[in-house]
Amino acid sequence: MKKGEVFGFLGPNGAGKTTTMKMIACVSPKTSGTLIVLGMDPDEAPAKIKAGLGVVPQETNLDPDFTCYGNLFTYARYFDIPEAAAAKKADELLEFVQLTEKRDITVEKLSGGMKRRLILARALVNNPDILILDEPTIGLDPQARHLIWEKLRALQAQGNTIVLTTHYLDEAARLCDRLVIMDNGRILVEGTPANLVREHAGREIVEVEKSAEVVSCLQDLQIPYEVAGDMIQVATESSRDVARILLDRCRPEKVITRPATLEDVFLKLTGRKLRE
Amino acid sequence: MPHILSIPPVSRRAIKVWHRNMTVFARTWQVNFFPPLVEALLYLFAIGMGIGSYVKEIAGIPYMAFIAPAILAIAVMNSAFFECTYGSFVRMYYQKSFDAMIATPLSIEDVIAGELLWGATRSVIYVVIMLPVLAVFGVISLPLALLAIPLAFLGGLMFAGIAMCFTAVTPGIDTLNYPMFLFITPMTLFSGTFFPLTLLPVALQYIALALLPLTHLVAIMRMFTQATVSPVLLLHLAWIIMVTILCCIAAINLMRRRLIV
C-alpha cells in the first residue's frame, strides 16, 4: 500500500475480506505468511500499530452507555490522548460528520446513517496513519451513503491513507485508487478500477435475451459470450458493431448496450454462484 | 495458543477500561448508592431482628453482630460476581464494547483485567456504603472494621475472577443463571454466614472450607468486625490470594480464547 492511497478489498461473502481487515488491525492472529503494518509486525508491537490505526468495523459497536460526545471522548482516552485535547477533538469530529446537534444524545437514539458517521468520527480521534473501513456504508440509504462518501473523499483529499472492504462495486469504483478482488482467501486480481474493467470485461457490454436461436447464431459467428441468468452478455471494444451484427444476423428480442463496470469483472472472476 | 494458566501480558492501560466503567457508574450514582444501603438494612431487620429475637447470641456474640460480617462478605461476593457475569457479558456480547476497545492500543488482556479491577471496585463501593449503616447499629467494632475495605477489594477480585471464568465459557446470558443458583446461593447459606460453620457435619465443614470461597471471606471479615484477629487469619488469607491469582489468570486466558479468532 502507498501513503495517501485508497485501497479496496472486494470479494463475495466469505472471501476473507473482514479476516484480512482484522489481521491488519492486530485483532486476529495470522496463521502463516508475513504481515507488516506501519513498518511493524502485528505479533510484536500490536499496541504501537493500533495507536496509528482508525478502524470502522462492519458491526456497529458504539458504546450505548454514552452520548455521541461521550463515545468520542472515552474512545480518545483509550489512545492516551490528554483530556483537553480529547474534548477539543471530539467536538471537531462531531462537526466534521455533521452530528454537532446530536452531541448530547445517547447513541441509541441515532439513525443507522448517523451511527455509521459517528463510528467514522470515532475512527479519526487518534489522527490515524491508516483508516480501515470494513463495509462503511452497509445497510444505509442512498442519502446516507453519499454523505459517507463525501466525508471519505474529503479525508482522501487531505492525504489520508484508507483501506476499505465493500460489496458495493459502484462504491469501490468511485472511491478506490487501487483494489484487489479476492475469493477463498486469495487475491484474484489487482489494479486500478478502470484498468481492471478494461482488462477483464472489455470496454462495453452487449446484452441480449437468451434463446436457443441467439446462442447457435453466436456460436456460428464465433463470438465469445457469457450466460448470465436469462441474458447473454458479449464483452466488446465496440458495442455498436456487435449490436449491429446481432440485430442483422440473429434476430434477438431485445438488445441492450452499456459500458462495462467493475460488477462485470467481479462476477466474471468470482462466478455467479450464490454465497451464503 | 497460551496455556490457561500462563501469565497474561496485562499493561497499565487496563486502568482505562476501569475508568470507562467508573464514568458510567458515577453518572448514575444516585441509583447505585441506594441498593447497598437498603440491603444492609433489610438483612439487619429481617434476619438480625427477626431470627435474632430467638437466637439472641452465638458464641457469646449478639446475633446481629454475628451476621454483620456475613452481610459485608455476601455484598462483596454478589456485587463483584454480578458485575463480572451479567455486566461483563452484556458489554462483551450485546454492546460489543470489547471489540471496540481492542481496536485501540488496548489488548484483550488489558480489557479483561480492567473489568476484573472494576468488579473488585464495585465490592469496595458496596462495603464503604454499608459500613456506616452497620456502625450506626453498633454491630461492628471500629476502627478495626475499616480493614473490611481493603479486604473487600481482595475478596471482590477473587469473585470477579471466578465470575469472569463463567462468563468466558457461558454459551449465552441465560446459562449464567446456573452459577448463580448452584454456586452463589448455596454459598450464601452455608459459609458460616447466618449460623456457625461448626453446626454443619464435619465432612461438610471440610467441603465448605475447601470449595466455598465465601467461607474464608466471612471468617476474616468476622475477625475484623469483631476485633478477634487470630493467626488463622493468615491461612484464610493465603487461600483467598491463591484462588484470586489462579482465577484471574484463568479468566483472562479463557476470555482471550473466546474472543480472539
# chains A, B, ... in the order shown; residues from 1 in each chain; ligands from 1

$ residues_around --residues "Ile138 (chain A)" --least-positions-apart "6" --cutoff "9 Å" --atoms "only C-alpha atoms" --output "mmCIF file with all heavy atoms, in the first residue's frame"
data_model
loop_
_atom_site.group_PDB
_atom_site.id
_atom_site.type_symbol
_atom_site.label_atom_id
_atom_site.label_comp_id
_atom_site.auth_asym_id
_atom_site.auth_seq_id
_atom_site.Cartn_x
_atom_site.Cartn_y
_atom_site.Cartn_z
ATOM 1 N N GLN A 58 -17.419 -3.520 10.694
ATOM 2 C CA GLN A 58 -18.641 -3.816 9.961
ATOM 3 C C GLN A 58 -19.849 -3.682 10.890
ATOM 4 O O GLN A 58 -20.880 -3.162 10.518
ATOM 5 C CB GLN A 58 -18.523 -5.244 9.459
ATOM 6 C CG GLN A 58 -19.483 -5.596 8.378
ATOM 7 C CD GLN A 58 -19.093 -6.927 7.743
ATOM 8 O OE1 GLN A 58 -17.962 -7.355 7.788
ATOM 9 N NE2 GLN A 58 -20.030 -7.577 7.146
ATOM 10 N N ARG A 116 -23.274 5.256 11.705
ATOM 11 C CA ARG A 116 -22.087 4.991 10.885
ATOM 12 C C ARG A 116 -21.182 6.217 10.846
ATOM 13 O O ARG A 116 -19.967 6.104 10.871
ATOM 14 C CB ARG A 116 -22.470 4.604 9.447
ATOM 15 C CG ARG A 116 -23.168 3.272 9.281
ATOM 16 C CD ARG A 116 -22.467 2.109 9.903
ATOM 17 N NE ARG A 116 -21.319 1.592 9.176
ATOM 18 C CZ ARG A 116 -20.546 0.595 9.626
ATOM 19 N NH1 ARG A 116 -20.780 0.032 10.785
ATOM 20 N NH2 ARG A 116 -19.527 0.173 8.918
ATOM 21 N N ARG A 145 -25.339 7.084 2.304
ATOM 22 C CA ARG A 145 -24.138 6.582 1.630
ATOM 23 C C ARG A 145 -23.376 7.734 0.981
ATOM 24 O O ARG A 145 -22.161 7.826 1.094
ATOM 25 C CB ARG A 145 -24.507 5.570 0.543
ATOM 26 C CG ARG A 145 -24.993 4.254 1.083
ATOM 27 C CD ARG A 145 -25.403 3.334 -0.045
ATOM 28 N NE ARG A 145 -24.254 2.810 -0.766
ATOM 29 C CZ ARG A 145 -24.337 2.179 -1.937
ATOM 30 N NH1 ARG A 145 -25.504 2.020 -2.514
ATOM 31 N NH2 ARG A 145 -23.270 1.720 -2.511
ATOM 32 N N THR A 166 -15.734 -3.719 0.659
ATOM 33 C CA THR A 166 -17.122 -3.420 0.304
ATOM 34 C C THR A 166 -17.633 -4.472 -0.662
ATOM 35 O O THR A 166 -16.856 -5.141 -1.333
ATOM 36 C CB THR A 166 -17.248 -2.013 -0.317
ATOM 37 O OG1 THR A 166 -18.611 -1.769 -0.639
ATOM 38 C CG2 THR A 166 -16.404 -1.858 -1.567
ATOM 39 N N HIS A 167 -18.958 -4.687 -0.683
ATOM 40 C CA HIS A 167 -19.504 -5.458 -1.797
ATOM 41 C C HIS A 167 -20.184 -4.529 -2.770
ATOM 42 O O HIS A 167 -20.711 -4.975 -3.744
ATOM 43 C CB HIS A 167 -20.623 -6.438 -1.476
ATOM 44 C CG HIS A 167 -20.642 -7.142 -0.210
ATOM 45 N ND1 HIS A 167 -20.030 -8.334 -0.038
ATOM 46 C CD2 HIS A 167 -21.274 -6.861 0.935
ATOM 47 C CE1 HIS A 167 -20.307 -8.775 1.178
ATOM 48 N NE2 HIS A 167 -21.047 -7.893 1.777
ATOM 49 N N TYR A 168 -20.255 -3.263 -2.425
ATOM 50 C CA TYR A 168 -20.884 -2.328 -3.357
ATOM 51 C C TYR A 168 -19.845 -1.926 -4.385
ATOM 52 O O TYR A 168 -18.912 -1.203 -4.084
ATOM 53 C CB TYR A 168 -21.406 -1.098 -2.627
ATOM 54 C CG TYR A 168 -22.460 -1.409 -1.603
ATOM 55 C CD1 TYR A 168 -22.310 -1.000 -0.290
ATOM 56 C CD2 TYR A 168 -23.611 -2.121 -1.950
ATOM 57 C CE1 TYR A 168 -23.274 -1.283 0.660
ATOM 58 C CE2 TYR A 168 -24.575 -2.409 -1.005
ATOM 59 C CZ TYR A 168 -24.401 -1.992 0.295
ATOM 60 O OH TYR A 168 -25.361 -2.280 1.237
#

$ residues_around --residues "Gln156 (chain A)" --least-positions-apart "6" --cutoff "8 Å" --atoms "only C-alpha atoms" --output "list in words"
Gly4, Glu5, Val6 and Ile162 of chain A

$ write_last_selection --atoms "N, CA and C atoms" --output "compact mmCIF listing (two decimals), in the first residue's frame"
# COMPACT_ATOMS: atom_id res chain seq x y z
N GLY A 4 -1.35 7.75 1.30
CA GLY A 4 -2.28 8.65 0.64
C GLY A 4 -3.20 7.99 -0.37
N GLU A 5 -3.17 6.66 -0.40
CA GLU A 5 -3.96 5.96 -1.41
C GLU A 5 -5.21 5.35 -0.77
N VAL A 6 -6.26 5.22 -1.58
CA VAL A 6 -7.45 4.50 -1.12
C VAL A 6 -7.42 3.12 -1.76
N ILE A 162 -6.34 5.12 3.17
CA ILE A 162 -7.58 4.44 3.54
C ILE A 162 -7.60 3.03 2.96

$ select_by_dssp --residues "region 6-250 of chain B" --states "strand (DSSP E)" --output "list in words"
Glu57, Ile58, Ile61 and Pro62 of chain B

$ interface_residues --of "chain A" --to "chain B" --cutoff "6 Å" --atoms "only C-alpha atoms" --output "PyMOL selection string"
chain A and resi 28+47+50-51+61

$ residues_around --residues "region 137-141 of chain B" --least-positions-apart "5" --cutoff "12 Å" --atoms "only C-alpha atoms" --output "mmCIF file with N, CA, C and O atoms, in the first residue's frame"
data_model
loop_
_atom_site.group_PDB
_atom_site.id
_atom_site.type_symbol
_atom_site.label_atom_id
_atom_site.label_comp_id
_atom_site.auth_asym_id
_atom_site.auth_seq_id
_atom_site.Cartn_x
_atom_site.Cartn_y
_atom_site.Cartn_z
ATOM 1 N N ALA B 40 -28.302 -3.583 53.425
ATOM 2 C CA ALA B 40 -27.795 -3.690 54.795
ATOM 3 C C ALA B 40 -28.953 -3.635 55.782
ATOM 4 O O ALA B 40 -29.041 -4.441 56.718
ATOM 5 N N LEU B 41 -29.863 -2.693 55.547
ATOM 6 C CA LEU B 41 -30.996 -2.527 56.460
ATOM 7 C C LEU B 41 -31.913 -3.749 56.411
ATOM 8 O O LEU B 41 -32.380 -4.224 57.445
ATOM 9 N N LEU B 44 -30.374 -6.629 58.305
ATOM 10 C CA LEU B 44 -30.355 -6.371 59.747
ATOM 11 C C LEU B 44 -31.737 -6.530 60.351
ATOM 12 O O LEU B 44 -31.902 -7.140 61.406
ATOM 13 N N PHE B 45 -32.734 -6.003 59.653
ATOM 14 C CA PHE B 45 -34.091 -6.082 60.197
ATOM 15 C C PHE B 45 -34.647 -7.493 60.101
ATOM 16 O O PHE B 45 -35.103 -8.064 61.092
ATOM 17 N N GLY B 48 -31.487 -10.162 61.354
ATOM 18 C CA GLY B 48 -30.934 -9.746 62.647
ATOM 19 C C GLY B 48 -32.007 -9.640 63.714
ATOM 20 O O GLY B 48 -31.908 -10.259 64.774
ATOM 21 N N MET B 49 -33.052 -8.887 63.415
ATOM 22 C CA MET B 49 -34.079 -8.686 64.433
ATOM 23 C C MET B 49 -35.048 -9.862 64.475
ATOM 24 O O MET B 49 -35.471 -10.287 65.541
ATOM 25 N N ILE B 61 -21.596 -13.796 71.105
ATOM 26 C CA ILE B 61 -21.719 -12.579 70.295
ATOM 27 C C ILE B 61 -23.204 -12.336 70.010
ATOM 28 O O ILE B 61 -23.918 -13.276 69.640
ATOM 29 N N PRO B 62 -23.686 -11.099 70.186
ATOM 30 C CA PRO B 62 -25.079 -10.815 69.816
ATOM 31 C C PRO B 62 -25.327 -11.217 68.359
ATOM 32 O O PRO B 62 -24.449 -11.044 67.506
ATOM 33 N N TYR B 63 -26.531 -11.757 68.072
ATOM 34 C CA TYR B 63 -26.767 -12.311 66.736
ATOM 35 C C TYR B 63 -26.561 -11.290 65.617
ATOM 36 O O TYR B 63 -25.986 -11.568 64.583
ATOM 37 N N MET B 64 -27.021 -10.065 65.838
ATOM 38 C CA MET B 64 -26.841 -9.019 64.818
ATOM 39 C C MET B 64 -25.370 -8.787 64.527
ATOM 40 O O MET B 64 -24.971 -8.609 63.376
ATOM 41 N N ALA B 65 -24.559 -8.819 65.570
ATOM 42 C CA ALA B 65 -23.115 -8.631 65.372
ATOM 43 C C ALA B 65 -22.513 -9.847 64.684
ATOM 44 O O ALA B 65 -21.534 -9.740 63.950
ATOM 45 N N PHE B 66 -23.125 -11.030 64.934
ATOM 46 C CA PHE B 66 -22.626 -12.244 64.290
ATOM 47 C C PHE B 66 -22.834 -12.192 62.770
ATOM 48 O O PHE B 66 -21.958 -12.582 62.002
ATOM 49 N N ILE B 67 -23.994 -11.693 62.377
ATOM 50 C CA ILE B 67 -24.264 -11.691 60.929
ATOM 51 C C ILE B 67 -23.714 -10.453 60.212
ATOM 52 O O ILE B 67 -23.632 -10.442 58.984
ATOM 53 N N ALA B 68 -23.312 -9.427 60.955
ATOM 54 C CA ALA B 68 -22.815 -8.204 60.296
ATOM 55 C C ALA B 68 -21.678 -8.487 59.306
ATOM 56 O O ALA B 68 -21.725 -8.032 58.152
ATOM 57 N N PRO B 69 -20.643 -9.255 59.697
ATOM 58 C CA PRO B 69 -19.569 -9.532 58.721
ATOM 59 C C PRO B 69 -20.078 -10.345 57.534
ATOM 60 O O PRO B 69 -19.566 -10.198 56.414
ATOM 61 N N ALA B 70 -21.084 -11.207 57.774
ATOM 62 C CA ALA B 70 -21.645 -12.004 56.675
ATOM 63 C C ALA B 70 -22.343 -11.095 55.672
ATOM 64 O O ALA B 70 -22.237 -11.286 54.458
ATOM 65 N N ILE B 71 -23.042 -10.084 56.189
ATOM 66 C CA ILE B 71 -23.714 -9.136 55.290
ATOM 67 C C ILE B 71 -22.682 -8.468 54.382
ATOM 68 O O ILE B 71 -22.879 -8.354 53.179
ATOM 69 N N LEU B 72 -21.563 -8.071 54.984
ATOM 70 C CA LEU B 72 -20.499 -7.434 54.192
ATOM 71 C C LEU B 72 -19.900 -8.407 53.174
ATOM 72 O O LEU B 72 -19.746 -8.080 52.002
ATOM 73 N N MET B 130 -22.028 0.357 53.145
ATOM 74 C CA MET B 130 -22.670 -0.442 54.199
ATOM 75 C C MET B 130 -22.079 -0.214 55.587
ATOM 76 O O MET B 130 -22.798 -0.262 56.590
ATOM 77 N N LEU B 131 -20.769 0.048 55.639
ATOM 78 C CA LEU B 131 -20.103 0.151 56.944
ATOM 79 C C LEU B 131 -20.763 1.173 57.886
ATOM 80 O O LEU B 131 -21.017 0.844 59.057
ATOM 81 N N PRO B 132 -21.056 2.403 57.420
ATOM 82 C CA PRO B 132 -21.678 3.371 58.335
ATOM 83 C C PRO B 132 -23.023 2.885 58.865
ATOM 84 O O PRO B 132 -23.344 3.114 60.049
ATOM 85 N N LEU B 146 -12.603 -1.128 59.723
ATOM 86 C CA LEU B 146 -12.264 -0.409 58.480
ATOM 87 C C LEU B 146 -11.405 -1.274 57.555
ATOM 88 O O LEU B 146 -11.338 -1.040 56.352
ATOM 89 N N LEU B 147 -10.757 -2.289 58.137
ATOM 90 C CA LEU B 147 -9.967 -3.199 57.306
ATOM 91 C C LEU B 147 -10.867 -3.974 56.334
ATOM 92 O O LEU B 147 -10.395 -4.601 55.388
ATOM 93 N N ALA B 148 -12.171 -3.928 56.580
ATOM 94 C CA ALA B 148 -13.119 -4.571 55.655
ATOM 95 C C ALA B 148 -13.002 -3.961 54.263
ATOM 96 O O ALA B 148 -13.310 -4.620 53.266
ATOM 97 N N MET B 221 -13.602 -11.452 57.634
ATOM 98 C CA MET B 221 -14.490 -10.316 57.905
ATOM 99 C C MET B 221 -14.906 -10.310 59.373
ATOM 100 O O MET B 221 -14.935 -9.272 60.028
ATOM 101 N N ARG B 222 -15.224 -11.513 59.882
ATOM 102 C CA ARG B 222 -15.697 -11.604 61.270
ATOM 103 C C ARG B 222 -14.581 -11.219 62.240
ATOM 104 O O ARG B 222 -14.831 -10.559 63.248
ATOM 105 N N MET B 223 -13.349 -11.607 61.915
ATOM 106 C CA MET B 223 -12.225 -11.214 62.778
ATOM 107 C C MET B 223 -12.090 -9.695 62.816
ATOM 108 O O MET B 223 -11.834 -9.113 63.859
ATOM 109 N N PHE B 224 -12.289 -9.068 61.664
ATOM 110 C CA PHE B 224 -12.141 -7.605 61.613
ATOM 111 C C PHE B 224 -13.286 -6.892 62.331
ATOM 112 O O PHE B 224 -13.061 -5.985 63.118
ATOM 113 N N THR B 225 -14.520 -7.306 62.053
ATOM 114 C CA THR B 225 -15.642 -6.545 62.627
ATOM 115 C C THR B 225 -15.814 -6.841 64.115
ATOM 116 O O THR B 225 -16.381 -6.043 64.846
ATOM 117 N N GLN B 226 -15.336 -8.034 64.584
ATOM 118 C CA GLN B 226 -15.450 -8.367 65.999
ATOM 119 C C GLN B 226 -14.154 -8.084 66.762
ATOM 120 O O GLN B 226 -14.091 -8.348 67.962
ATOM 121 N N ALA B 227 -13.153 -7.602 66.054
ATOM 122 C CA ALA B 227 -11.838 -7.376 66.654
ATOM 123 C C ALA B 227 -11.332 -8.639 67.357
ATOM 124 O O ALA B 227 -10.931 -8.616 68.523
ATOM 125 N N THR B 228 -11.412 -9.759 66.645
ATOM 126 C CA THR B 228 -10.953 -11.028 67.213
ATOM 127 C C THR B 228 -9.929 -11.675 66.273
ATOM 128 O O THR B 228 -10.080 -12.820 65.860
ATOM 129 N N VAL B 229 -8.916 -10.896 65.909
ATOM 130 C CA VAL B 229 -7.934 -11.394 64.945
ATOM 131 C C VAL B 229 -7.069 -12.496 65.572
ATOM 132 O O VAL B 229 -6.595 -12.352 66.700
#

$ atom_distance --atom1 "CA of Val55 (chain A)" --atom2 "CA of Cys26 (chain A)"
10.9 Å

$ closest_residue --among "B:Leu37, B:Ile74, B:Ala59, B:Cys165" --to "Ile252 (chain B)" --atoms "only C-alpha atoms"
B:Cys165

$ atom_distance --atom1 "CA of Pro171 (chain B)" --atom2 "CA of Phe190 (chain B)"
28.4 Å

$ residues_around --residues "Lys151 (chain A)" --least-positions-apart "4" --cutoff "9 Å" --atoms "only C-alpha atoms" --output "ChimeraX atom specification"
/A:96-97,117,146-147,155-156

$ write_last_selection --atoms "all heavy atoms" --output "mmCIF file, in the first residue's frame"
data_model
loop_
_atom_site.group_PDB
_atom_site.id
_atom_site.type_symbol
_atom_site.label_atom_id
_atom_site.label_comp_id
_atom_site.auth_asym_id
_atom_site.auth_seq_id
_atom_site.Cartn_x
_atom_site.Cartn_y
_atom_site.Cartn_z
ATOM 1 N N PHE A 96 -17.361 17.629 11.862
ATOM 2 C CA PHE A 96 -16.947 17.040 10.582
ATOM 3 C C PHE A 96 -18.000 16.061 10.054
ATOM 4 O O PHE A 96 -18.329 16.057 8.872
ATOM 5 C CB PHE A 96 -15.592 16.341 10.736
ATOM 6 C CG PHE A 96 -15.132 15.608 9.504
ATOM 7 C CD1 PHE A 96 -14.801 16.300 8.349
ATOM 8 C CD2 PHE A 96 -15.040 14.223 9.493
ATOM 9 C CE1 PHE A 96 -14.386 15.625 7.206
ATOM 10 C CE2 PHE A 96 -14.626 13.535 8.359
ATOM 11 C CZ PHE A 96 -14.300 14.244 7.213
ATOM 12 N N VAL A 97 -18.563 15.247 10.924
ATOM 13 C CA VAL A 97 -19.565 14.271 10.462
ATOM 14 C C VAL A 97 -21.002 14.801 10.614
ATOM 15 O O VAL A 97 -21.968 14.047 10.530
ATOM 16 C CB VAL A 97 -19.431 12.903 11.168
ATOM 17 C CG1 VAL A 97 -18.107 12.254 10.830
ATOM 18 C CG2 VAL A 97 -19.586 13.036 12.671
ATOM 19 N N ARG A 117 -21.797 7.400 10.780
ATOM 20 C CA ARG A 117 -20.994 8.626 10.753
ATOM 21 C C ARG A 117 -20.233 8.800 12.062
ATOM 22 O O ARG A 117 -19.072 9.204 12.077
ATOM 23 C CB ARG A 117 -21.896 9.832 10.510
ATOM 24 C CG ARG A 117 -21.945 10.242 9.057
ATOM 25 C CD ARG A 117 -23.294 10.731 8.655
ATOM 26 N NE ARG A 117 -23.704 11.930 9.335
ATOM 27 C CZ ARG A 117 -24.981 12.330 9.413
ATOM 28 N NH1 ARG A 117 -25.940 11.607 8.863
ATOM 29 N NH2 ARG A 117 -25.295 13.434 10.018
ATOM 30 N N HIS A 146 -24.127 8.613 0.327
ATOM 31 C CA HIS A 146 -23.455 9.727 -0.337
ATOM 32 C C HIS A 146 -22.736 10.620 0.653
ATOM 33 O O HIS A 146 -21.659 11.128 0.374
ATOM 34 C CB HIS A 146 -24.458 10.529 -1.181
ATOM 35 C CG HIS A 146 -24.677 9.911 -2.526
ATOM 36 N ND1 HIS A 146 -23.848 10.152 -3.597
ATOM 37 C CD2 HIS A 146 -25.592 9.018 -2.955
ATOM 38 C CE1 HIS A 146 -24.260 9.449 -4.638
ATOM 39 N NE2 HIS A 146 -25.320 8.741 -4.274
ATOM 40 N N LEU A 147 -23.343 10.803 1.824
ATOM 41 C CA LEU A 147 -22.702 11.645 2.829
ATOM 42 C C LEU A 147 -21.405 11.004 3.319
ATOM 43 O O LEU A 147 -20.377 11.676 3.460
ATOM 44 C CB LEU A 147 -23.663 11.883 4.001
ATOM 45 C CG LEU A 147 -23.191 12.907 5.032
ATOM 46 C CD1 LEU A 147 -22.839 14.234 4.374
ATOM 47 C CD2 LEU A 147 -24.248 13.113 6.098
ATOM 48 N N LEU A 155 -11.453 13.172 3.313
ATOM 49 C CA LEU A 155 -10.290 12.608 4.013
ATOM 50 C C LEU A 155 -9.197 12.232 3.022
ATOM 51 O O LEU A 155 -8.016 12.443 3.265
ATOM 52 C CB LEU A 155 -10.709 11.371 4.817
ATOM 53 C CG LEU A 155 -11.595 11.653 6.022
ATOM 54 C CD1 LEU A 155 -12.203 10.365 6.554
ATOM 55 C CD2 LEU A 155 -10.795 12.340 7.122
ATOM 56 N N GLN A 156 -9.641 11.693 1.888
ATOM 57 C CA GLN A 156 -8.708 11.314 0.838
ATOM 58 C C GLN A 156 -7.963 12.545 0.335
ATOM 59 O O GLN A 156 -6.748 12.530 0.176
ATOM 60 C CB GLN A 156 -9.510 10.666 -0.295
ATOM 61 C CG GLN A 156 -8.707 10.107 -1.421
ATOM 62 C CD GLN A 156 -9.630 9.523 -2.498
ATOM 63 O OE1 GLN A 156 -10.859 9.660 -2.423
ATOM 64 N NE2 GLN A 156 -9.038 8.871 -3.473
#

$ residues_around --residues "Thr215 (chain B)" --least-positions-apart "4" --cutoff "10 Å" --atoms "only C-alpha atoms" --output "MDAnalysis selection string"
chainID B and resid 70 73 187:188 190:193 197 205 208:211 219:221 236 240

$ select_by_dssp --residues "region 126-236 of chain A" --states "helix (DSSP H, G or I)" --output "MDAnalysis selection string"
chainID A and resid 142:157 169:175 193:201 212:221

$ residues_around --residues "Asp170 (chain A)" --least-positions-apart "4" --cutoff "10 Å" --atoms "only C-alpha atoms" --output "PyMOL selection string"
chain A and resi 166+174-175+261-263

$ atom_distance --atom1 "CA of Ile205 (chain A)" --atom2 "CA of Ala243 (chain A)"
9.7 Å
